[in-house]
>>> print(open('target-v6.cif').read())   # mmCIF, C-alpha atoms
data_protein
#
loop_
_atom_site.group_PDB
_atom_site.id
_atom_site.type_symbol
_atom_site.label_atom_id
_atom_site.label_comp_id
_atom_site.auth_asym_id
_atom_site.auth_seq_id
_atom_site.Cartn_x
_atom_site.Cartn_y
_atom_site.Cartn_z
ATOM 1 C CA MET A 1 4.780 -8.772 2.163
ATOM 2 C CA ASP A 2 7.715 -11.012 2.923
ATOM 3 C CA GLU A 3 11.361 -10.008 3.302
ATOM 4 C CA GLN A 4 12.295 -11.038 -0.257
ATOM 5 C CA GLU A 5 9.525 -8.845 -1.663
ATOM 6 C CA LYS A 6 10.626 -5.904 0.491
ATOM 7 C CA GLN A 7 14.196 -6.276 -0.761
ATOM 8 C CA LEU A 8 12.984 -6.460 -4.358
ATOM 9 C CA LEU A 9 10.841 -3.377 -3.766
ATOM 10 C CA GLU A 10 13.769 -1.417 -2.327
ATOM 11 C CA LYS A 11 16.000 -2.502 -5.211
ATOM 12 C CA HIS A 12 13.594 -1.511 -7.987
ATOM 13 C CA ALA A 13 11.716 1.454 -6.489
ATOM 14 C CA ALA A 14 14.514 3.832 -7.493
ATOM 15 C CA THR A 15 14.256 2.859 -11.171
ATOM 16 C CA ASN A 16 10.531 2.084 -11.389
ATOM 17 C CA PRO A 17 8.460 5.240 -10.805
ATOM 18 C CA GLU A 18 5.151 3.350 -10.723
ATOM 19 C CA LEU A 19 6.432 0.964 -8.066
ATOM 20 C CA LYS A 20 7.821 3.874 -6.027
ATOM 21 C CA ALA A 21 4.532 5.773 -6.250
ATOM 22 C CA LEU A 22 2.531 2.708 -5.238
ATOM 23 C CA TRP A 23 4.796 2.132 -2.221
ATOM 24 C CA ASP A 24 4.588 5.788 -1.171
ATOM 25 C CA ASP A 25 0.790 5.689 -1.473
ATOM 26 C CA HIS A 26 0.685 2.435 0.499
ATOM 27 C CA LEU A 27 2.594 4.009 3.387
ATOM 28 C CA LEU A 28 0.417 7.133 3.290
ATOM 29 C CA TYR A 29 -2.805 5.101 3.356
ATOM 30 C CA GLU A 30 -1.435 3.030 6.224
ATOM 31 C CA LYS A 31 -0.789 6.159 8.319
ATOM 32 C CA GLN A 32 -4.209 7.621 7.529
ATOM 33 C CA ILE A 33 -5.932 4.339 8.389
ATOM 34 C CA GLU A 34 -4.047 4.062 11.686
ATOM 35 C CA LYS A 35 -5.020 7.640 12.572
ATOM 36 C CA LEU A 36 -8.718 6.994 11.909
ATOM 37 C CA GLU A 37 -8.682 3.632 13.684
ATOM 38 C CA SER A 38 -7.214 5.279 16.770
ATOM 39 C CA HIS A 39 -10.465 7.206 17.294
ATOM 40 C CA ALA A 40 -12.849 5.719 19.829
ATOM 41 C CA HIS A 41 -15.872 6.512 17.652
ATOM 42 C CA LEU A 42 -16.077 7.314 13.965
ATOM 43 C CA THR A 43 -18.656 9.504 12.306
ATOM 44 C CA PRO A 44 -20.402 8.059 9.249
ATOM 45 C CA ALA A 45 -18.163 10.231 7.061
ATOM 46 C CA GLU A 46 -15.044 8.917 8.824
ATOM 47 C CA GLN A 47 -16.296 5.355 8.448
ATOM 48 C CA GLN A 48 -16.745 5.929 4.713
ATOM 49 C CA THR A 49 -13.289 7.498 4.466
ATOM 50 C CA LEU A 50 -11.769 4.548 6.325
ATOM 51 C CA LYS A 51 -13.488 2.098 3.993
ATOM 52 C CA GLN A 52 -12.250 4.009 0.932
ATOM 53 C CA LEU A 53 -8.679 4.215 2.259
ATOM 54 C CA LYS A 54 -8.605 0.477 2.924
ATOM 55 C CA LYS A 55 -9.861 -0.213 -0.593
ATOM 56 C CA GLN A 56 -7.270 2.103 -2.152
ATOM 57 C CA LYS A 57 -4.524 0.532 -0.053
ATOM 58 C CA LEU A 58 -5.566 -2.973 -1.111
ATOM 59 C CA ASP A 59 -5.849 -2.015 -4.785
ATOM 60 C CA GLY A 60 -2.403 -0.424 -4.681
ATOM 61 C CA LYS A 61 -0.879 -3.386 -2.898
ATOM 62 C CA THR A 62 -2.341 -5.747 -5.484
ATOM 63 C CA ARG A 63 -0.801 -3.689 -8.310
ATOM 64 C CA MET A 64 2.495 -3.471 -6.422
ATOM 65 C CA MET A 65 2.582 -7.229 -5.834
ATOM 66 C CA ASN A 66 1.872 -7.864 -9.525
ATOM 67 C CA ILE A 67 4.842 -5.683 -10.477
ATOM 68 C CA LEU A 68 7.058 -7.440 -7.931
ATOM 69 C CA GLU A 69 5.932 -10.839 -9.200
ATOM 70 C CA GLY A 70 6.935 -9.824 -12.704
ATOM 71 C CA LEU A 71 10.321 -8.688 -11.436
ATOM 72 C CA LYS A 72 10.824 -11.994 -9.624
ATOM 73 C CA GLU A 73 10.133 -13.846 -12.845
ATOM 74 C CA GLY A 74 12.496 -11.565 -14.741
ATOM 75 C CA LYS A 75 9.859 -10.012 -16.975
#
>>> encode(input="target-v6.cif", output="structure tokens")
Amino acid sequence: MDEQEKQLLEKHAATNPELKALWDDHLLYEKQIEKLESHAHLTPAEQQTLKQLKKQKLDGKTRMMNILEGLKEGK
């Protein structure tokens, strides 16, 4: 995410609940992923959780970027 997109996100998050929720989820997933990746060894369950978190983070970011793209274009 570039600086322009971050500024657009900050500007519209207060008035766009979906965008705000996606950003909050993104930050939460990021923290959970970092915590799991800090472990030296992961159990199979932790590996599955990590995979799921990364997928959710990517899906959310894709939706967030689509919203931001629409805002850039003035939709």
>>> residues_around(input="target-v6.cif", residues="Lys6 (chain A)", least_positions_apart="3", cutoff="12 Å", atoms="only C-alpha atoms", output="list in words")
Met1, Asp2, Glu3, Leu9, Glu10, Lys11, His12, Ala13, Leu19, Trp23, Met64, Met65, Leu68, Glu69 and Lys72 of chain A
>>> residues_around(input="target-v6.cif", residues="Lys54 (chain A)", least_positions_apart="2", cutoff="12 Å", atoms="all atoms listed in the file", output="ChimeraX atom specification")
/A:25-34,36-37,47-52,56-61
>>> write_last_selection(input="target-v6.cif", atoms="C-alpha atoms", output="PDB file, in the coordinates of the input")
ATOM      1  CA  ASP A  25       0.790   5.689  -1.473  1.00  0.00           C
ATOM      2  CA  HIS A  26       0.685   2.435   0.499  1.00  0.00           C
ATOM      3  CA  LEU A  27       2.594   4.009   3.387  1.00  0.00           C
ATOM      4  CA  LEU A  28       0.417   7.133   3.290  1.00  0.00           C
ATOM      5  CA  TYR A  29      -2.805   5.101   3.356  1.00  0.00           C
ATOM      6  CA  GLU A  30      -1.435   3.030   6.224  1.00  0.00           C
ATOM      7  CA  LYS A  31      -0.789   6.159   8.319  1.00  0.00           C
ATOM      8  CA  GLN A  32      -4.209   7.621   7.529  1.00  0.00           C
ATOM      9  CA  ILE A  33      -5.932   4.339   8.389  1.00  0.00           C
ATOM     10  CA  GLU A  34      -4.047   4.062  11.686  1.00  0.00           C
ATOM     11  CA  LEU A  36      -8.718   6.994  11.909  1.00  0.00           C
ATOM     12  CA  GLU A  37      -8.682   3.632  13.684  1.00  0.00           C
ATOM     13  CA  GLN A  47     -16.296   5.355   8.448  1.00  0.00           C
ATOM     14  CA  GLN A  48     -16.745   5.929   4.713  1.00  0.00           C
ATOM     15  CA  THR A  49     -13.289   7.498   4.466  1.00  0.00           C
ATOM     16  CA  LEU A  50     -11.769   4.548   6.325  1.00  0.00           C
ATOM     17  CA  LYS A  51     -13.488   2.098   3.993  1.00  0.00           C
ATOM     18  CA  GLN A  52     -12.250   4.009   0.932  1.00  0.00           C
ATOM     19  CA  GLN A  56      -7.270   2.103  -2.152  1.00  0.00           C
ATOM     20  CA  LYS A  57      -4.524   0.532  -0.053  1.00  0.00           C
ATOM     21  CA  LEU A  58      -5.566  -2.973  -1.111  1.00  0.00           C
ATOM     22  CA  ASP A  59      -5.849  -2.015  -4.785  1.00  0.00           C
ATOM     23  CA  GLY A  60      -2.403  -0.424  -4.681  1.00  0.00           C
ATOM     24  CA  LYS A  61      -0.879  -3.386  -2.898  1.00  0.00           C
TER      25      LYS A  61
END
>>> atom_distance(input="target-v6.cif", atom1="CA of Leu53 (chain A)", atom2="CA of His41 (chain A)")
17.1 Å
>>> atom_distance(input="target-v6.cif", atom1="CA of Glu73 (chain A)", atom2="CA of Gln7 (chain A)")
14.8 Å
>>> atom_distance(input="target-v6.cif", atom1="CA of Ala21 (chain A)", atom2="CA of Leu42 (chain A)")
28.9 Å
>>> closest_residue(input="target-v6.cif", among="A:Leu71, A:Ala40, A:Lys20, A:Lys35", to="Glu5 (chain A)", atoms="all atoms listed in the file")
A:Leu71
>>> decode(input="target-v6.cif", residues="region 51-74 of chain A", atoms="N, CA and C atoms", output="PDB file, in the first residue's frame")
ATOM      1  N   LYS A  51      -1.809 -20.216   7.831  1.00  0.00           N
ATOM      2  CA  LYS A  51      -2.253 -20.219   6.429  1.00  0.00           C
ATOM      3  C   LYS A  51      -3.602 -19.521   6.295  1.00  0.00           C
ATOM      4  N   GLN A  52      -4.517 -19.811   7.210  1.00  0.00           N
ATOM      5  CA  GLN A  52      -5.856 -19.212   7.175  1.00  0.00           C
ATOM      6  C   GLN A  52      -5.781 -17.705   7.424  1.00  0.00           C
ATOM      7  N   LEU A  53      -4.968 -17.284   8.380  1.00  0.00           N
ATOM      8  CA  LEU A  53      -4.819 -15.858   8.667  1.00  0.00           C
ATOM      9  C   LEU A  53      -4.268 -15.103   7.464  1.00  0.00           C
ATOM     10  N   LYS A  54      -3.280 -15.688   6.800  1.00  0.00           N
ATOM     11  CA  LYS A  54      -2.700 -15.046   5.622  1.00  0.00           C
ATOM     12  C   LYS A  54      -3.732 -14.930   4.507  1.00  0.00           C
ATOM     13  N   LYS A  55      -4.565 -15.941   4.353  1.00  0.00           N
ATOM     14  CA  LYS A  55      -5.603 -15.898   3.326  1.00  0.00           C
ATOM     15  C   LYS A  55      -6.633 -14.823   3.658  1.00  0.00           C
ATOM     16  N   GLN A  56      -7.058 -14.760   4.913  1.00  0.00           N
ATOM     17  CA  GLN A  56      -8.033 -13.754   5.329  1.00  0.00           C
ATOM     18  C   GLN A  56      -7.462 -12.350   5.162  1.00  0.00           C
ATOM     19  N   LYS A  57      -6.197 -12.185   5.507  1.00  0.00           N
ATOM     20  CA  LYS A  57      -5.550 -10.882   5.369  1.00  0.00           C
ATOM     21  C   LYS A  57      -5.506 -10.465   3.902  1.00  0.00           C
ATOM     22  N   LEU A  58      -5.141 -11.392   3.024  1.00  0.00           N
ATOM     23  CA  LEU A  58      -5.072 -11.096   1.598  1.00  0.00           C
ATOM     24  C   LEU A  58      -6.453 -10.792   1.019  1.00  0.00           C
ATOM     25  N   ASP A  59      -7.451 -11.583   1.392  1.00  0.00           N
ATOM     26  CA  ASP A  59      -8.810 -11.333   0.919  1.00  0.00           C
ATOM     27  C   ASP A  59      -9.299  -9.953   1.356  1.00  0.00           C
ATOM     28  N   GLY A  60      -9.039  -9.618   2.611  1.00  0.00           N
ATOM     29  CA  GLY A  60      -9.448  -8.311   3.128  1.00  0.00           C
ATOM     30  C   GLY A  60      -8.717  -7.177   2.438  1.00  0.00           C
ATOM     31  N   LYS A  61      -7.434  -7.364   2.202  1.00  0.00           N
ATOM     32  CA  LYS A  61      -6.659  -6.320   1.537  1.00  0.00           C
ATOM     33  C   LYS A  61      -7.153  -6.110   0.108  1.00  0.00           C
ATOM     34  N   THR A  62      -7.498  -7.191  -0.560  1.00  0.00           N
ATOM     35  CA  THR A  62      -8.030  -7.083  -1.919  1.00  0.00           C
ATOM     36  C   THR A  62      -9.331  -6.281  -1.912  1.00  0.00           C
ATOM     37  N   ARG A  63     -10.226  -6.578  -0.979  1.00  0.00           N
ATOM     38  CA  ARG A  63     -11.486  -5.828  -0.882  1.00  0.00           C
ATOM     39  C   ARG A  63     -11.217  -4.363  -0.534  1.00  0.00           C
ATOM     40  N   MET A  64     -10.279  -4.140   0.379  1.00  0.00           N
ATOM     41  CA  MET A  64      -9.933  -2.781   0.785  1.00  0.00           C
ATOM     42  C   MET A  64      -9.357  -1.998  -0.396  1.00  0.00           C
ATOM     43  N   MET A  65      -8.488  -2.621  -1.155  1.00  0.00           N
ATOM     44  CA  MET A  65      -7.878  -1.947  -2.306  1.00  0.00           C
ATOM     45  C   MET A  65      -8.920  -1.651  -3.380  1.00  0.00           C
ATOM     46  N   ASN A  66      -9.897  -2.526  -3.550  1.00  0.00           N
ATOM     47  CA  ASN A  66     -10.977  -2.266  -4.502  1.00  0.00           C
ATOM     48  C   ASN A  66     -11.794  -1.047  -4.086  1.00  0.00           C
ATOM     49  N   ILE A  67     -12.066  -0.933  -2.799  1.00  0.00           N
ATOM     50  CA  ILE A  67     -12.806   0.237  -2.295  1.00  0.00           C
ATOM     51  C   ILE A  67     -11.970   1.497  -2.523  1.00  0.00           C
ATOM     52  N   LEU A  68     -10.693   1.435  -2.176  1.00  0.00           N
ATOM     53  CA  LEU A  68      -9.825   2.601  -2.357  1.00  0.00           C
ATOM     54  C   LEU A  68      -9.713   2.987  -3.833  1.00  0.00           C
ATOM     55  N   GLU A  69      -9.650   2.015  -4.703  1.00  0.00           N
ATOM     56  CA  GLU A  69      -9.580   2.297  -6.136  1.00  0.00           C
ATOM     57  C   GLU A  69     -10.835   3.032  -6.598  1.00  0.00           C
ATOM     58  N   GLY A  70     -11.975   2.598  -6.093  1.00  0.00           N
ATOM     59  CA  GLY A  70     -13.220   3.291  -6.416  1.00  0.00           C
ATOM     60  C   GLY A  70     -13.243   4.717  -5.899  1.00  0.00           C
ATOM     61  N   LEU A  71     -12.678   4.920  -4.718  1.00  0.00           N
ATOM     62  CA  LEU A  71     -12.609   6.274  -4.160  1.00  0.00           C
ATOM     63  C   LEU A  71     -11.660   7.161  -4.967  1.00  0.00           C
ATOM     64  N   LYS A  72     -10.569   6.580  -5.442  1.00  0.00           N
ATOM     65  CA  LYS A  72      -9.628   7.340  -6.268  1.00  0.00           C
ATOM     66  C   LYS A  72     -10.301   7.824  -7.551  1.00  0.00           C
ATOM     67  N   GLU A  73     -11.148   6.953  -8.104  1.00  0.00           N
ATOM     68  CA  GLU A  73     -11.805   7.263  -9.356  1.00  0.00           C
ATOM     69  C   GLU A  73     -13.059   8.122  -9.150  1.00  0.00           C
ATOM     70  N   GLY A  74     -13.377   8.374  -7.884  1.00  0.00           N
ATOM     71  CA  GLY A  74     -14.522   9.214  -7.569  1.00  0.00           C
ATOM     72  C   GLY A  74     -15.860   8.521  -7.683  1.00  0.00           C
TER      73      GLY A  74
END
